[in-house]
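Asks: Handing over my_file.cif, mmCIF, C-alpha atoms and all ligand atoms.
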data_upload
loop_
_atom_site.group_PDB
_atom_site.id
_atom_site.type_symbol
_atom_site.label_atom_id
_atom_site.label_comp_id
_atom_site.auth_asym_id
_atom_site.auth_seq_id
_atom_site.Cartn_x
_atom_site.Cartn_y
_atom_site.Cartn_z
ATOM 1 C CA MET A 194 -14.616 14.307 -4.104
ATOM 2 C CA TYR A 195 -14.342 16.014 -0.704
ATOM 3 C CA PHE A 196 -17.965 17.105 -0.919
ATOM 4 C CA THR A 197 -19.103 13.499 -0.593
ATOM 5 C CA ARG A 198 -17.549 13.559 2.870
ATOM 6 C CA ILE A 199 -19.380 16.642 4.027
ATOM 7 C CA ALA A 200 -22.865 16.283 5.440
ATOM 8 C CA GLU A 201 -25.328 19.157 5.606
ATOM 9 C CA LEU A 202 -27.243 19.052 8.842
ATOM 10 C CA LEU A 203 -30.451 20.952 9.377
ATOM 11 C CA LEU A 204 -30.745 22.159 12.950
ATOM 12 C CA ASP A 205 -33.938 22.654 14.933
ATOM 13 C CA ASP A 206 -33.670 26.444 14.688
ATOM 14 C CA GLY A 207 -33.646 26.199 10.904
ATOM 15 C CA SER A 208 -29.965 26.922 10.471
ATOM 16 C CA THR A 209 -27.652 24.480 8.776
ATOM 17 C CA VAL A 210 -24.315 23.229 9.881
ATOM 18 C CA HIS A 211 -21.901 21.042 8.001
ATOM 19 C CA GLY A 212 -20.368 17.947 9.448
ATOM 20 C CA CYS A 213 -17.609 15.551 8.612
ATOM 21 C CA LYS A 214 -18.963 12.236 7.325
ATOM 22 C CA VAL A 215 -15.844 10.239 8.068
ATOM 23 C CA THR A 216 -16.691 7.316 10.346
ATOM 24 C CA ASP A 217 -16.500 8.110 14.062
ATOM 25 C CA CYS A 218 -15.722 11.761 13.410
ATOM 26 C CA THR A 219 -17.972 14.374 14.984
ATOM 27 C CA PHE A 220 -16.407 17.506 13.514
ATOM 28 C CA THR A 221 -18.915 20.194 12.520
ATOM 29 C CA GLY A 222 -18.587 23.697 11.195
ATOM 30 C CA SER A 223 -19.052 25.726 8.045
ATOM 31 C CA VAL A 224 -18.461 24.102 4.655
ATOM 32 C CA GLY A 225 -15.036 25.721 4.531
ATOM 33 C CA GLU A 226 -14.133 24.543 7.992
ATOM 34 C CA VAL A 227 -15.204 20.977 7.319
ATOM 35 C CA ARG A 228 -13.402 20.985 3.975
ATOM 36 C CA ALA A 229 -10.212 22.203 5.654
ATOM 37 C CA HIS A 230 -10.707 19.660 8.408
ATOM 38 C CA LEU A 231 -10.947 16.803 5.883
ATOM 39 C CA ALA A 232 -7.236 17.223 5.194
ATOM 40 C CA ALA A 233 -6.665 15.763 8.673
ATOM 41 C CA HIS A 234 -8.220 12.515 7.477
ATOM 42 C CA LYS A 235 -6.262 12.397 4.287
ATOM 43 C CA ASP A 236 -3.462 10.116 5.444
ATOM 44 C CA THR A 237 -5.595 7.617 7.334
ATOM 45 C CA SER A 238 -9.018 7.480 5.691
ATOM 46 C CA ASP A 239 -8.292 8.536 2.149
ATOM 47 C CA PRO A 240 -6.871 5.501 0.391
ATOM 48 C CA ALA A 241 -4.123 6.240 -2.077
ATOM 49 C CA PRO A 242 -5.304 6.160 -5.683
ATOM 50 C CA PRO A 243 -5.280 2.531 -6.787
ATOM 51 C CA ALA A 244 -2.325 1.405 -8.823
ATOM 52 C CA ARG A 245 -4.819 0.372 -11.463
ATOM 53 C CA SER A 246 -5.337 3.975 -12.513
ATOM 54 C CA GLN A 247 -1.615 4.238 -13.122
ATOM 55 C CA LEU A 248 -1.575 0.989 -15.063
ATOM 56 C CA LEU A 249 -4.361 2.244 -17.286
ATOM 57 C CA GLY A 250 -2.032 5.003 -18.445
ATOM 58 C CA LEU A 251 0.491 2.479 -19.716
ATOM 59 C CA THR A 252 0.545 1.079 -23.202
ATOM 60 C CA THR A 253 0.162 -2.656 -23.775
ATOM 61 C CA ALA A 254 3.857 -2.875 -24.641
ATOM 62 C CA GLN A 255 4.779 -1.254 -21.338
ATOM 63 C CA LEU A 256 2.480 -3.634 -19.477
ATOM 64 C CA LEU A 257 4.047 -6.657 -21.164
ATOM 65 C CA GLU A 258 7.467 -5.305 -20.292
ATOM 66 C CA LYS A 259 6.428 -4.921 -16.662
ATOM 67 C CA ALA A 260 5.052 -8.455 -16.597
ATOM 68 C CA ALA A 261 8.250 -9.797 -18.119
ATOM 69 C CA ALA A 262 10.333 -7.903 -15.569
ATOM 70 C CA ALA A 263 8.248 -9.330 -12.736
ATOM 71 C CA ASP A 264 8.760 -12.793 -14.190
ATOM 72 C CA ARG A 265 12.521 -12.247 -14.368
ATOM 73 C CA ILE A 266 12.613 -11.119 -10.755
ATOM 74 C CA THR A 267 10.697 -14.231 -9.674
ATOM 75 C CA LYS A 268 13.079 -16.513 -11.570
ATOM 76 C CA ASP A 269 16.071 -14.650 -10.168
ATOM 77 C CA ARG A 270 14.702 -14.993 -6.678
ATOM 78 C CA ASP A 271 14.181 -18.734 -7.118
ATOM 79 C CA ARG A 272 17.706 -19.090 -8.424
ATOM 80 C CA TRP A 273 19.159 -17.174 -5.492
ATOM 81 C CA LYS A 274 17.026 -19.125 -3.092
ATOM 82 C CA SER A 275 18.414 -22.425 -4.333
ATOM 83 C CA ARG A 276 21.924 -21.015 -4.164
ATOM 84 C CA ALA A 277 21.300 -19.846 -0.623
ATOM 85 C CA LEU A 278 19.973 -23.261 0.351
ATOM 86 C CA THR A 279 23.037 -24.947 -1.144
ATOM 87 C CA ALA A 280 25.301 -22.562 0.747
ATOM 88 C CA GLU A 281 23.368 -23.215 3.914
ATOM 89 C CA ARG A 282 23.754 -26.978 3.483
ATOM 90 C CA LYS A 283 27.499 -26.595 2.927
ATOM 91 C CA LEU A 284 27.785 -24.400 5.990
ATOM 92 C CA LYS A 285 25.925 -26.968 8.051
ATOM 93 C CA SER A 286 28.220 -29.763 6.929
ATOM 94 C CA ILE A 287 31.228 -27.573 7.755
ATOM 95 C CA HIS A 288 29.817 -26.916 11.216
ATOM 96 C CA HIS A 289 29.146 -30.591 11.603
ATOM 97 C CA ALA A 290 32.696 -31.448 10.547
ATOM 98 C CA LEU A 291 34.100 -28.875 12.984
ATOM 99 C CA ARG A 292 32.018 -30.265 15.811
ATOM 100 C CA SER A 293 33.127 -33.823 15.204
ATOM 101 C CA ALA A 294 36.753 -32.692 14.999
ATOM 102 C CA THR A 295 36.759 -31.213 18.497
HETATM 103 ZN ZN ZN A 301 -13.541 14.414 10.346
#
Can the structure from this file be put into structure tokens for me?
Ligand SMILES: [Zn+2]

Replies:
Amino acid sequence: MYFTRIAELLLDDGSTVHGCKVTDCTFTGSVGEVRAHLAAHKDTSDPAPPARSQLLGLTTAQLLEKAAAADRITKDRDRWKSRALTAERKLKSIHHALRSAT
């Protein structure tokens, strides 16, 4: 895959030089040098392998289980959210009561 990021440039004197094809990068050198240099781009320009490729390795049962787990988390979150809102309302009324008492 790294080879798709290495360009072979033909110079006027007939020699060839290899260059990095990453956008805005002007690095040139031998194939080995450019290949080694490409590691510098790895973190920024090389996107991590998509999660899809990992999902493809799962069985349908595992996928369903993951979907169910995601669903549970969403429901849990909603439940906690409503509990948090109730608590917040109670707290507000307590604050309000305290303010009117002073
Ligand atoms: Zn480069």

Asks: Pick the closest to ligand ZN 301 (chain A) from A:Ala233, A:Val224, A:Ala277, A:Asp206: which is it, counting only C-alpha atoms and all ligand atoms?

Replies: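 With only C-alpha atoms and all ligand atoms as the atom set, the closest residue is A:Ala233.
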
Asks: Going by the chain IDs and residue numbers used in this file, which residues fall under the PyMOL selection byres (((not hetatm)) within 8 of (chain A and resi 301))? Write them as a list in words.

Replies: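 Applying the PyMOL selection byres (((not hetatm)) within 8 of (chain A and resi 301)) to the structure shown produces Gly212, Cys213, Lys214, Val215, Thr216, Asp217, Cys218, Thr219, Phe220, Val227, His230, Leu231, Ala233 and His234 of chain A.
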
Asks: Enter the distance from atom CA of A:Ala229 to atom CA of A:Thr197, in Å, rounded to one decimal.

Replies: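 If I compute the distance from atom CA of A:Ala229 to atom CA of A:Thr197, I get 13.9 Å.
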
Asks: In Å, how far is it from atom CA of A:Gly222 to atom CA of A:Leu203?

Replies: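 So the two atoms, atom CA of A:Gly222 and atom CA of A:Leu203, lie 12.3 Å apart.
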
Asks: Please compute the atom CA of A:Thr267-atom CA of A:Ser286 distance, one decimal, in Å.

Replies: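 We find that atom CA of A:Thr267 and atom CA of A:Ser286 lie 28.7 Å from each other.
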
Asks: Could the centre and edge lengths of an axis-aligned box, enclosing all atoms of stretch 251-260 of chain A in the file with 6 Å extra on each side, be given in Å to one decimal as JSON?

Replies:
{"center_x": 3.8, "center_y": -3.0, "center_z": -20.6, "size_x": 19.3, "size_y": 22.9, "size_z": 20.0}
